[in-house]
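> Structure: upload.json, JSON, C-alpha atoms.
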[["chain", "number", "residue", "atom", "x", "y", "z"],
["A", 254, "MET", "CA", -24.07, -4.71, 4.07],
["A", 255, "ILE", "CA", -22.38, -5.53, 0.75],
["A", 256, "ILE", "CA", -18.60, -5.21, 0.98],
["A", 257, "ASP", "CA", -17.51, -6.82, -2.29],
["A", 258, "LEU", "CA", -16.23, -4.39, -4.90],
["A", 259, "GLY", "CA", -18.59, -3.77, -7.79],
["A", 260, "ASP", "CA", -18.01, -5.34, -11.20],
["A", 261, "ASP", "CA", -17.08, -1.98, -12.73],
["A", 262, "ALA", "CA", -14.44, -1.35, -10.06],
["A", 263, "ALA", "CA", -12.99, -4.83, -10.46],
["A", 264, "GLU", "CA", -12.83, -4.39, -14.23],
["A", 265, "PHE", "CA", -11.15, -1.00, -13.84],
["A", 266, "GLY", "CA", -8.53, -2.61, -11.62],
["A", 267, "ARG", "CA", -7.85, -5.23, -14.29],
["A", 268, "VAL", "CA", -7.53, -2.53, -16.94],
["A", 269, "VAL", "CA", -5.00, -0.62, -14.82],
["A", 270, "ARG", "CA", -2.99, -3.76, -14.13],
["A", 271, "ASP", "CA", -2.90, -4.75, -17.82],
["A", 272, "ALA", "CA", -2.00, -1.21, -18.90],
["A", 273, "LEU", "CA", 0.92, -1.07, -16.46],
["A", 274, "GLY", "CA", 2.06, -4.48, -17.62],
["A", 275, "SER", "CA", 2.01, -3.37, -21.25],
["A", 276, "ALA", "CA", 3.94, -0.21, -20.34],
["A", 277, "GLY", "CA", 6.81, -2.19, -18.85],
["A", 278, "GLY", "CA", 5.54, -3.99, -15.77],
["A", 279, "ASP", "CA", 8.43, -4.93, -13.49],
["A", 280, "GLU", "CA", 10.80, -2.78, -15.52],
["A", 281, "LEU", "CA", 8.92, 0.32, -14.33],
["A", 282, "VAL", "CA", 10.10, -0.26, -10.77],
["A", 283, "GLN", "CA", 13.71, -0.42, -11.88],
["A", 284, "ARG", "CA", 13.33, 2.73, -13.97],
["A", 285, "ALA", "CA", 11.78, 4.59, -11.04],
["A", 286, "GLU", "CA", 14.67, 3.65, -8.77],
["A", 287, "ALA", "CA", 17.23, 4.70, -11.39],
["A", 288, "ASP", "CA", 15.52, 8.09, -11.89],
["A", 289, "PRO", "CA", 13.62, 9.17, -8.75],
["A", 290, "ALA", "CA", 12.90, 12.62, -10.23],
["A", 291, "GLY", "CA", 10.99, 11.02, -13.08],
["A", 292, "ARG", "CA", 9.08, 8.39, -11.16],
["A", 293, "GLU", "CA", 5.82, 10.37, -10.90],
["A", 294, "ALA", "CA", 5.74, 10.96, -14.66],
["A", 295, "LEU", "CA", 6.60, 7.32, -15.35],
["A", 296, "VAL", "CA", 2.97, 6.22, -15.15],
["A", 297, "GLY", "CA", 1.20, 9.52, -14.45],
["A", 298, "ASP", "CA", 0.09, 10.21, -18.01],
["A", 299, "LEU", "CA", -0.84, 6.58, -18.60],
["A", 300, "LEU", "CA", -3.08, 6.48, -15.53],
["A", 301, "GLY", "CA", -4.43, 9.91, -16.37],
["A", 302, "ASP", "CA", -5.52, 8.66, -19.80],
["A", 303, "LEU", "CA", -7.44, 5.90, -18.02],
["A", 304, "GLY", "CA", -9.25, 8.55, -15.96],
["A", 305, "LEU", "CA", -7.71, 7.60, -12.63],
["A", 306, "TRP", "CA", -6.94, 11.13, -11.47],
["A", 307, "GLU", "CA", -10.52, 12.21, -12.15],
["A", 308, "LEU", "CA", -11.95, 9.83, -9.56],
["A", 309, "ASP", "CA", -13.72, 11.49, -6.65],
["A", 310, "VAL", "CA", -12.84, 9.11, -3.83],
["A", 311, "ARG", "CA", -14.44, 11.33, -1.19],
["A", 312, "GLY", "CA", -17.73, 11.99, -2.89],
["A", 313, "SER", "CA", -18.64, 8.69, -4.51],
["A", 314, "GLY", "CA", -18.54, 5.17, -3.09],
["A", 315, "ASP", "CA", -18.35, 3.68, -6.59],
["A", 316, "GLU", "CA", -15.36, 5.85, -7.48],
["A", 317, "LEU", "CA", -13.67, 4.99, -4.20],
["A", 318, "GLU", "CA", -14.04, 1.31, -5.11],
["A", 319, "ALA", "CA", -12.46, 1.98, -8.50],
["A", 320, "ALA", "CA", -9.61, 3.82, -6.81],
["A", 321, "VAL", "CA", -8.82, 1.03, -4.34],
["A", 322, "ALA", "CA", -8.90, -1.52, -7.16],
["A", 323, "ALA", "CA", -6.39, 0.62, -9.08],
["A", 324, "CYS", "CA", -4.15, 0.93, -6.00],
["A", 325, "ARG", "CA", -4.13, -2.84, -5.70],
["A", 326, "SER", "CA", -3.06, -3.15, -9.32],
["A", 327, "VAL", "CA", -0.24, -0.65, -8.81],
["A", 328, "GLY", "CA", 0.86, -2.72, -5.81],
["A", 329, "TRP", "CA", 0.93, -5.84, -8.00],
["A", 330, "TRP", "CA", 3.77, -4.25, -9.97],
["A", 331, "GLY", "CA", 5.32, -2.53, -6.92],
["A", 332, "ILE", "CA", 5.74, 0.82, -8.68],
["A", 333, "PRO", "CA", 6.75, 3.64, -6.25],
["A", 334, "ALA", "CA", 4.77, 6.30, -8.09],
["A", 335, "SER", "CA", 2.66, 7.83, -5.25],
["A", 336, "VAL", "CA", -0.62, 6.61, -6.72],
["A", 337, "PRO", "CA", -2.59, 6.09, -3.47],
["A", 338, "GLU", "CA", -1.20, 9.36, -2.13],
["A", 339, "ARG", "CA", -2.40, 11.28, -5.20],
["A", 340, "LEU", "CA", -5.84, 9.73, -4.99],
["A", 341, "ALA", "CA", -6.08, 10.66, -1.29],
["A", 342, "ARG", "CA", -5.25, 14.34, -1.91],
["A", 343, "PRO", "CA", -7.44, 16.82, 0.02],
["A", 344, "THR", "CA", -10.03, 18.79, -1.89],
["A", 345, "ASP", "CA", -9.86, 21.95, 0.21],
["A", 346, "LEU", "CA", -6.14, 22.61, -0.21],
["A", 347, "ASP", "CA", -4.01, 23.30, -3.27],
["A", 348, "ALA", "CA", -2.15, 19.99, -3.23],
["A", 349, "ASP", "CA", -1.37, 17.03, -5.47],
["A", 350, "ALA", "CA", -0.85, 14.31, -2.87],
["A", 351, "LEU", "CA", -1.44, 13.45, 0.77],
["A", 352, "VAL", "CA", 0.73, 11.44, 3.14],
["A", 353, "VAL", "CA", 0.05, 10.42, 6.74],
["A", 354, "VAL", "CA", 3.00, 11.02, 9.06],
["A", 355, "GLY", "CA", 3.73, 10.04, 12.64],
["A", 356, "GLY", "CA", 6.40, 9.48, 15.22],
["A", 357, "PRO", "CA", 9.09, 11.80, 16.60],
["A", 358, "ARG", "CA", 11.02, 11.80, 13.30],
["A", 359, "PRO", "CA", 8.36, 12.00, 10.57],
["A", 360, "ALA", "CA", 9.33, 10.60, 7.21],
["A", 361, "ALA", "CA", 7.55, 9.93, 3.92],
["A", 362, "PRO", "CA", 8.31, 8.41, 0.49],
["A", 363, "VAL", "CA", 8.69, 11.83, -1.12],
["A", 364, "HIS", "CA", 12.28, 11.73, -2.34],
["A", 365, "GLY", "CA", 12.55, 12.96, -5.93],
["A", 366, "SER", "CA", 8.87, 13.83, -6.13],
["A", 367, "SER", "CA", 7.84, 17.14, -7.71],
["A", 368, "LEU", "CA", 4.27, 16.88, -6.41],
["A", 369, "ARG", "CA", 2.80, 19.45, -4.02],
["A", 370, "TRP", "CA", 2.45, 17.43, -0.83],
["A", 371, "VAL", "CA", 0.29, 17.80, 2.26],
["A", 372, "ALA", "CA", 1.06, 15.81, 5.40],
["A", 373, "VAL", "CA", -1.47, 14.91, 8.08],
["A", 374, "ASP", "CA", -0.92, 13.23, 11.43],
["A", 375, "LEU", "CA", -3.32, 10.77, 13.02],
["A", 376, "ASP", "CA", -5.04, 13.56, 14.97],
["A", 377, "GLY", "CA", -5.87, 15.49, 11.78],
["A", 378, "ARG", "CA", -3.19, 18.18, 12.01],
["A", 379, "ARG", "CA", -2.14, 19.12, 8.50],
["A", 380, "SER", "CA", 1.20, 20.56, 7.44],
["A", 381, "THR", "CA", 3.43, 21.14, 4.44],
["A", 382, "PRO", "CA", 6.32, 18.65, 4.36],
["A", 383, "THR", "CA", 9.80, 19.62, 3.15],
["A", 384, "ALA", "CA", 12.04, 16.68, 2.38],
["A", 385, "ARG", "CA", 15.52, 16.58, 3.87],
["A", 386, "PRO", "CA", 18.46, 15.36, 1.77],
["A", 387, "LEU", "CA", 18.82, 11.58, 1.72],
["A", 388, "PRO", "CA", 21.70, 10.30, 3.86],
["A", 389, "THR", "CA", 21.93, 7.26, 1.61],
["A", 390, "THR", "CA", 20.99, 6.13, -1.90],
["A", 391, "PRO", "CA", 17.38, 6.06, -3.17],
["A", 392, "ARG", "CA", 17.76, 2.29, -3.43],
["A", 393, "LYS", "CA", 18.54, 1.84, 0.25],
["A", 394, "ALA", "CA", 16.02, 4.47, 1.33],
["A", 395, "ALA", "CA", 13.24, 3.16, -0.97],
["A", 396, "MET", "CA", 12.39, 6.83, -1.73],
["A", 397, "VAL", "CA", 11.80, 7.62, 1.97],
["A", 398, "ALA", "CA", 13.15, 10.92, 3.31],
["A", 399, "GLU", "CA", 12.74, 12.58, 6.68],
["A", 400, "VAL", "CA", 10.57, 15.69, 6.42],
["A", 401, "ASP", "CA", 10.30, 19.04, 8.16],
["A", 402, "LEU", "CA", 6.69, 20.03, 8.78],
["A", 403, "THR", "CA", 5.21, 23.52, 8.49],
["A", 404, "PRO", "CA", 1.78, 23.62, 10.20],
["A", 405, "VAL", "CA", -1.27, 24.48, 8.09],
["A", 406, "ASP", "CA", -4.42, 23.64, 10.08],
["A", 407, "ASP", "CA", -6.11, 20.90, 12.11],
["A", 408, "LEU", "CA", -8.93, 20.11, 9.68],
["A", 409, "GLY", "CA", -7.58, 16.86, 8.33],
["A", 410, "VAL", "CA", -9.54, 14.26, 10.29],
["A", 411, "ASP", "CA", -11.24, 13.08, 7.10],
["A", 412, "ASP", "CA", -7.91, 13.04, 5.28],
["A", 413, "VAL", "CA", -6.54, 10.45, 7.68],
["A", 414, "LEU", "CA", -9.14, 7.90, 6.56],
["A", 415, "PHE", "CA", -8.13, 8.05, 2.90],
["A", 416, "GLY", "CA", -4.45, 8.53, 3.64],
["A", 417, "LEU", "CA", -4.41, 5.22, 5.53],
["A", 418, "LEU", "CA", -6.95, 3.23, 3.52],
["A", 419, "LEU", "CA", -5.61, 3.56, -0.03],
["A", 420, "PRO", "CA", -1.98, 2.50, 0.73],
["A", 421, "CYS", "CA", -3.33, -0.62, 2.45],
["A", 422, "TRP", "CA", -4.80, -1.68, -0.90],
["A", 423, "THR", "CA", -1.43, -1.10, -2.54],
["A", 424, "LEU", "CA", 0.22, -3.29, 0.10],
["A", 425, "LEU", "CA", -2.45, -5.93, -0.54],
["A", 426, "GLY", "CA", -1.52, -5.90, -4.23],
["A", 427, "MET", "CA", 2.11, -6.48, -3.26],
["A", 428, "LEU", "CA", 1.07, -9.44, -1.12],
["A", 429, "ASP", "CA", -0.97, -10.79, -4.06],
["A", 430, "ARG", "CA", 2.10, -10.67, -6.29],
["A", 431, "ALA", "CA", 4.56, -12.01, -3.72],
["A", 432, "THR", "CA", 2.30, -15.00, -3.07],
["A", 433, "ALA", "CA", 1.77, -15.65, -6.79],
["A", 434, "LEU", "CA", 5.50, -15.46, -7.51],
["A", 435, "THR", "CA", 6.27, -17.86, -4.67],
["A", 436, "VAL", "CA", 3.64, -20.39, -5.74],
["A", 437, "GLU", "CA", 5.09, -20.31, -9.27],
["A", 438, "TYR", "CA", 8.63, -20.71, -7.93],
["A", 439, "VAL", "CA", 7.93, -23.73, -5.70],
["A", 440, "GLN", "CA", 6.02, -25.41, -8.51],
["A", 441, "ASP", "CA", 8.96, -25.02, -10.90],
["A", 442, "ARG", "CA", 11.85, -25.60, -8.47],
["A", 443, "GLN", "CA", 12.92, -29.25, -8.19],
["A", 444, "GLN", "CA", 14.38, -30.72, -5.00],
["A", 445, "PHE", "CA", 15.12, -34.42, -4.44],
["A", 446, "GLY", "CA", 13.46, -35.24, -7.72],
["A", 447, "LYS", "CA", 10.14, -33.47, -7.15],
["A", 448, "PRO", "CA", 8.80, -29.91, -7.03],
["A", 449, "LEU", "CA", 9.18, -27.97, -3.80],
["A", 450, "ALA", "CA", 5.41, -27.55, -3.83],
["A", 451, "ALA", "CA", 5.06, -31.30, -3.20],
["A", 452, "PHE", "CA", 6.62, -31.02, 0.26],
["A", 453, "GLN", "CA", 4.14, -30.78, 3.10],
["A", 454, "ALA", "CA", 6.19, -28.19, 5.02],
["A", 455, "VAL", "CA", 6.12, -25.88, 1.99],
["A", 456, "GLN", "CA", 2.38, -26.35, 1.60],
["A", 457, "PHE", "CA", 1.82, -25.48, 5.26],
["A", 458, "GLN", "CA", 3.85, -22.27, 4.95],
["A", 459, "LEU", "CA", 2.05, -21.13, 1.81],
["A", 460, "THR", "CA", -1.32, -21.92, 3.35],
["A", 461, "GLU", "CA", -0.47, -19.83, 6.40],
["A", 462, "ALA", "CA", 0.58, -16.89, 4.22],
["A", 463, "GLU", "CA", -2.52, -17.18, 2.04],
["A", 464, "VAL", "CA", -4.90, -17.28, 5.02],
["A", 465, "GLU", "CA", -3.39, -14.04, 6.30],
["A", 466, "ARG", "CA", -3.55, -12.42, 2.84],
["A", 467, "ALA", "CA", -7.18, -13.45, 2.34],
["A", 468, "GLY", "CA", -8.10, -12.04, 5.74],
["A", 469, "VAL", "CA", -6.57, -8.70, 4.81],
["A", 470, "GLU", "CA", -8.56, -8.67, 1.57],
["A", 471, "GLU", "CA", -11.84, -9.08, 3.45],
["A", 472, "LEU", "CA", -10.89, -6.41, 5.99],
["A", 473, "ALA", "CA", -9.86, -4.07, 3.16],
["A", 474, "LYS", "CA", -13.28, -4.41, 1.53],
["A", 475, "TYR", "CA", -15.02, -3.88, 4.85],
["A", 476, "ALA", "CA", -12.92, -0.80, 5.71],
["A", 477, "THR", "CA", -13.62, 0.66, 2.25],
["A", 478, "TRP", "CA", -17.36, 0.23, 2.83],
["A", 479, "SER", "CA", -16.98, 1.75, 6.30],
["A", 480, "VAL", "CA", -15.17, 4.82, 4.95],
["A", 481, "ALA", "CA", -17.54, 5.22, 2.00],
["A", 482, "THR", "CA", -20.57, 5.20, 4.31],
["A", 483, "ARG", "CA", -18.80, 7.42, 6.88],
["A", 484, "ARG", "CA", -19.43, 5.09, 9.79],
["A", 485, "PRO", "CA", -18.53, 6.58, 13.20],
["A", 486, "ASP", "CA", -16.02, 3.73, 13.67],
["A", 487, "ALA", "CA", -14.40, 4.23, 10.26],
["A", 488, "LEU", "CA", -11.01, 5.28, 11.62],
["A", 489, "ALA", "CA", -10.86, 2.28, 13.95],
["A", 490, "ASP", "CA", -11.82, 0.04, 11.01],
["A", 491, "VAL", "CA", -9.03, 1.47, 8.87],
["A", 492, "LEU", "CA", -6.50, 1.12, 11.70],
["A", 493, "ALA", "CA", -7.62, -2.49, 12.21],
["A", 494, "LEU", "CA", -7.10, -3.06, 8.48],
["A", 495, "ARG", "CA", -3.64, -1.51, 8.61],
["A", 496, "LEU", "CA", -2.62, -3.62, 11.60],
["A", 497, "ALA", "CA", -3.81, -6.81, 9.88],
["A", 498, "ALA", "CA", -2.05, -5.80, 6.64],
["A", 499, "LEU", "CA", 1.24, -5.15, 8.43],
["A", 500, "GLU", "CA", 1.12, -8.44, 10.30],
["A", 501, "ALA", "CA", 0.22, -10.32, 7.10],
["A", 502, "ALA", "CA", 3.01, -8.57, 5.19],
["A", 503, "ASP", "CA", 5.61, -9.41, 7.84],
["A", 504, "LEU", "CA", 4.59, -13.06, 7.80],
["A", 505, "GLY", "CA", 3.96, -13.33, 4.07],
["A", 506, "MET", "CA", 7.16, -11.64, 2.94],
["A", 507, "ARG", "CA", 9.20, -13.74, 5.39],
["A", 508, "ILE", "CA", 7.70, -16.96, 4.03],
["A", 509, "CYS", "CA", 8.14, -15.85, 0.42],
["A", 510, "HIS", "CA", 11.79, -15.03, 1.03],
["A", 511, "GLN", "CA", 12.37, -18.32, 2.86],
["A", 512, "LEU", "CA", 10.89, -20.36, 0.03],
["A", 513, "HIS", "CA", 12.80, -18.44, -2.64],
["A", 514, "GLY", "CA", 16.06, -18.88, -0.76],
["A", 515, "ALA", "CA", 19.05, -16.66, -1.49],
["A", 516, "ILE", "CA", 17.80, -15.72, -4.95],
["A", 517, "GLY", "CA", 14.91, -13.89, -3.30],
["A", 518, "PHE", "CA", 17.33, -11.18, -2.18],
["A", 519, "CYS", "CA", 18.88, -10.68, -5.63],
["A", 520, "ASP", "CA", 17.68, -8.09, -8.13],
["A", 521, "GLU", "CA", 17.29, -10.84, -10.70],
["A", 522, "SER", "CA", 14.26, -11.93, -8.68],
["A", 523, "THR", "CA", 11.08, -9.84, -8.81],
["A", 524, "ILE", "CA", 10.29, -10.72, -5.20],
["A", 525, "SER", "CA", 13.32, -8.64, -4.16],
["A", 526, "TRP", "CA", 11.88, -5.48, -5.73],
["A", 527, "ILE", "CA", 8.38, -6.08, -4.40],
["A", 528, "SER", "CA", 9.70, -6.67, -0.89],
["A", 529, "ARG", "CA", 11.92, -3.57, -0.94],
["A", 530, "TYR", "CA", 9.17, -1.18, -1.98],
["A", 531, "SER", "CA", 6.71, -2.69, 0.47],
["A", 532, "LEU", "CA", 8.88, -1.43, 3.35],
["A", 533, "PRO", "CA", 7.72, 2.23, 3.29],
["A", 534, "LEU", "CA", 4.10, 1.08, 3.41],
["A", 535, "ARG", "CA", 4.88, -1.30, 6.28],
["A", 536, "ARG", "CA", 6.91, 1.14, 8.37],
["A", 537, "LEU", "CA", 5.21, 4.50, 7.79],
["A", 538, "PRO", "CA", 3.54, 6.33, 9.35],
["A", 539, "LEU", "CA", 3.77, 3.75, 12.16],
["A", 540, "PRO", "CA", 5.03, 0.15, 12.26],
["A", 541, "VAL", "CA", 3.11, -2.76, 13.75],
["A", 542, "SER", "CA", 3.62, -1.82, 17.40],
["A", 543, "GLY", "CA", 2.73, 1.85, 16.85],
["A", 544, "THR", "CA", -0.35, 0.96, 14.82],
["A", 545, "ARG", "CA", -1.50, -1.46, 17.52],
["A", 546, "THR", "CA", -1.03, 1.23, 20.17],
["A", 547, "GLU", "CA", -2.97, 3.78, 18.11],
["A", 548, "LEU", "CA", -5.81, 1.33, 17.48],
["A", 549, "THR", "CA", -5.98, 0.57, 21.20],
["A", 550, "ARG", "CA", -6.10, 4.27, 21.98],
["A", 551, "ARG", "CA", -8.91, 4.88, 19.50],
["A", 552, "ALA", "CA", -10.99, 1.81, 20.32],
["A", 553, "GLY", "CA", -10.56, 2.06, 24.09],
["A", 554, "ARG", "CA", -12.51, -0.38, 26.22],
["A", 555, "GLN", "CA", -15.39, -0.48, 23.73],
["A", 556, "GLY", "CA", -13.44, -2.33, 21.09],
["A", 557, "ILE", "CA", -14.29, -2.32, 17.39],
["A", 558, "ALA", "CA", -17.36, -3.59, 15.60],
["A", 559, "GLY", "CA", -15.68, -4.78, 12.41],
["A", 560, "LEU", "CA", -15.69, -8.15, 10.66],
["A", 561, "TYR", "CA", -13.23, -9.64, 13.14],
["A", 562, "ALA", "CA", -14.18, -7.61, 16.20]]
Can the structure in the file be given as structure tokens, please?

Amino acid sequence: MIIDLGDDAAEFGRVVRDALGSAGGDELVQRAEADPAGREALVGDLLGDLGLWELDVRGSGDELEAAVAACRSVGWWGIPASVPERLARPTDLDADALVVVGGPRPAAPVHGSSLRWVAVDLDGRRSTPTARPLPTTPRKAAMVAEVDLTPVDDLGVDDVLFGLLLPCWTLLGMLDRATALTVEYVQDRQQFGKPLAAFQAVQFQLTEAEVERAGVEELAKYATWSVATRRPDALADVLALRLAALEAADLGMRICHQLHGAIGFCDESTISWISRYSLPLRRLPLPVSGTRTELTRRAGRQGIAGLYA
């Protein structure tokens, strides 16, 4: 079992990250929020020129690895441009993007999007989502709108795997960036004549956040291998990854905000934008408690056979 991403996939991820940085980087998030209707086109052509939309994530393990590396790079910049959703699109329906929905009031980050969407629930039932008008501003909603669902079929069991896996890599990229920004901040910020990073309490908090983030990275690689090889336990592996990613994000973002202080909630701080657009990934289709319940239902008394079984 080799779960590390291949060199080509890792290099592709670096190319995507550098290309997005050259195209505007953090400014792209602000432009997307100011113009929700144009957010898909904001980086769509750029990523298309890199060949991202041509990747066959369902038919090739190598191309799936390239796709997850790209999703992580998009998460680094926090751009709400439906990249993992487009890569997870089903191949047997005329659609541009796929989103997993759940709960009694299904919602998805589809506000302002002109893509042709397909929704799938955790039992594989597919439908066409129609976004309701936002009751608030795109900023407060983080592009999330409640959706009305028109049933299509119940053939989306395979779709669930990719619809859950790829956004987890985007969330991992956000955790990468939030941790890096916080490390930089505590190294530069002086308190009582020395950097914040010199205080033991700060070091303990950052270590705790980094241990959680590193664990998610290993689980993400394992779940990608599990999906690529179509293991029977693949769905449980992906749910275990999602649960770990949500718990790590809750802890990591809390620590990053604490160490940034009040400035971490201001738009002048990049951590504010990263944190805001991590919320749809952390809350949909199910939050921590719902994901834990779903994993328990799937794994039953047998449990899971993953890295941290």
> Closest to A:Ala476 among A:Ala285, A:Val541, A:Leu418, A:Val352, using all atoms listed in the file?
A:Leu418
> Would you mind listing what lies within 8 Å of A:Ala360 as a PyMOL selection string, with only C-alpha atoms counted and same-chain residues fewer than 4 positions away left out?
chain A and resi 354-355+397-400+537-538
> Name the residues in contact with A:Arg484 at a cut-off of 12 Å, using only C-alpha atoms, excluding same-chain residues fewer than 4 positions from it; report them as a ChimeraX atom specification.
/A:411,414,475-480,488-491,557-559
> In file coordinates, which residues lie within 10 Å of (-2.2, -3.6, 17.9) using only C-alpha atoms, given as a list in words?
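Taken together, the residues in range are Leu492, Ala493, Arg495, Leu496, Ala497, Glu500, Pro540, Val541, Ser542, Gly543, Thr544, Arg545, Thr546, Glu547, Leu548, Thr549 and Arg550 of chain A.
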> Using all atoms listed in the file, can you tell me which of A:Gly331, A:Pro343, A:Ala262, A:Val336 comes closest to A:Glu316?
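Smallest separation from A:Glu316 among the options: A:Ala262.
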> Give me the residues within 12 Å of A:Ser522 as a VMD selection string, counting all atoms listed in the file and dropping any in the same chain fewer than 2 places off.
chain A and resid 279 to 280 283 431 434 to 435 438 509 to 510 513 to 520 524 to 529
> Can you tell me how far atom CA of A:Val373 sits from atom CA of A:Leu428, in Å to one decimal?
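Separating atom CA of A:Val373 from atom CA of A:Leu428 is a distance of 26.2 Å.
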> Would you mind reading off the distance between atom CA of A:Val410 and atom CA of A:Asp376, one decimal, in Å?
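That distance, rounded to one decimal, is 6.5 Å.
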> Using only C-alpha atoms, determine which residues lie at most 8 Å from stretch 449-459 of chain A, disregarding the query and same-chain residues fewer than 4 positions distant; provide the list as a PyMOL selection string.
chain A and resi 432+436+439-444+463+508+512
> Within 10 Å of (-9.5, -10.6, -1.9) (file coordinates; only C-alpha atoms), which protein or nucleic acid residues are there? I'd like them as a ChimeraX atom specification.
/A:257-258,425-426,429,466-474
> Output as lines of an AutoDock Vina configuration file the centre and edge lengths (Å, one decimal) of the box along x, y and z of the file that holds every listed atom of stretch 349-365 of chain A after adding 6 Å on each side.

center_x = 5.6
center_y = 12.7
center_z = 5.3
size_x = 26.0
size_y = 20.6
size_z = 34.5
> Residues near A:Gly365, anyone? I mean within 8 Å using all atoms listed in the file, not counting same-chain ones fewer than 4 positions away, as a list in words.
Pro289, Ala290, Gly291, Arg292 and Met396 of chain A
> Quote the spacing between atom CA of A:Leu499 and atom CA of A:Met427 in Å to one decimal place.
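Answer for the atom CA of A:Leu499 to atom CA of A:Met427 separation: 11.8 Å.
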> Return the single residue from A:Pro362, A:Gly259, A:Leu273, A:Ala502 that is closest to A:Asp315, with distances computed using only C-alpha atoms.
A:Gly259
> Of the candidates A:Val268, A:Ala276, A:Pro359, A:Leu308, which shows the shortest atom-to-atom distance to A:Arg325, using only C-alpha atoms?
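Checking each candidate against A:Arg325, we get A:Val268 as the closest.
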> Which of these residues is nearest to A:Leu534, using all atoms listed in the file: A:Ser313, A:Ser275, A:Thr423, A:Thr390?
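Closest to A:Leu534 of all the choices is A:Thr423.
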> With only C-alpha atoms as the basis for distance, which of A:Ala487, A:Ala348, A:Asp374, A:Asp288 is at the shortest distance from A:Pro391?
A:Asp288
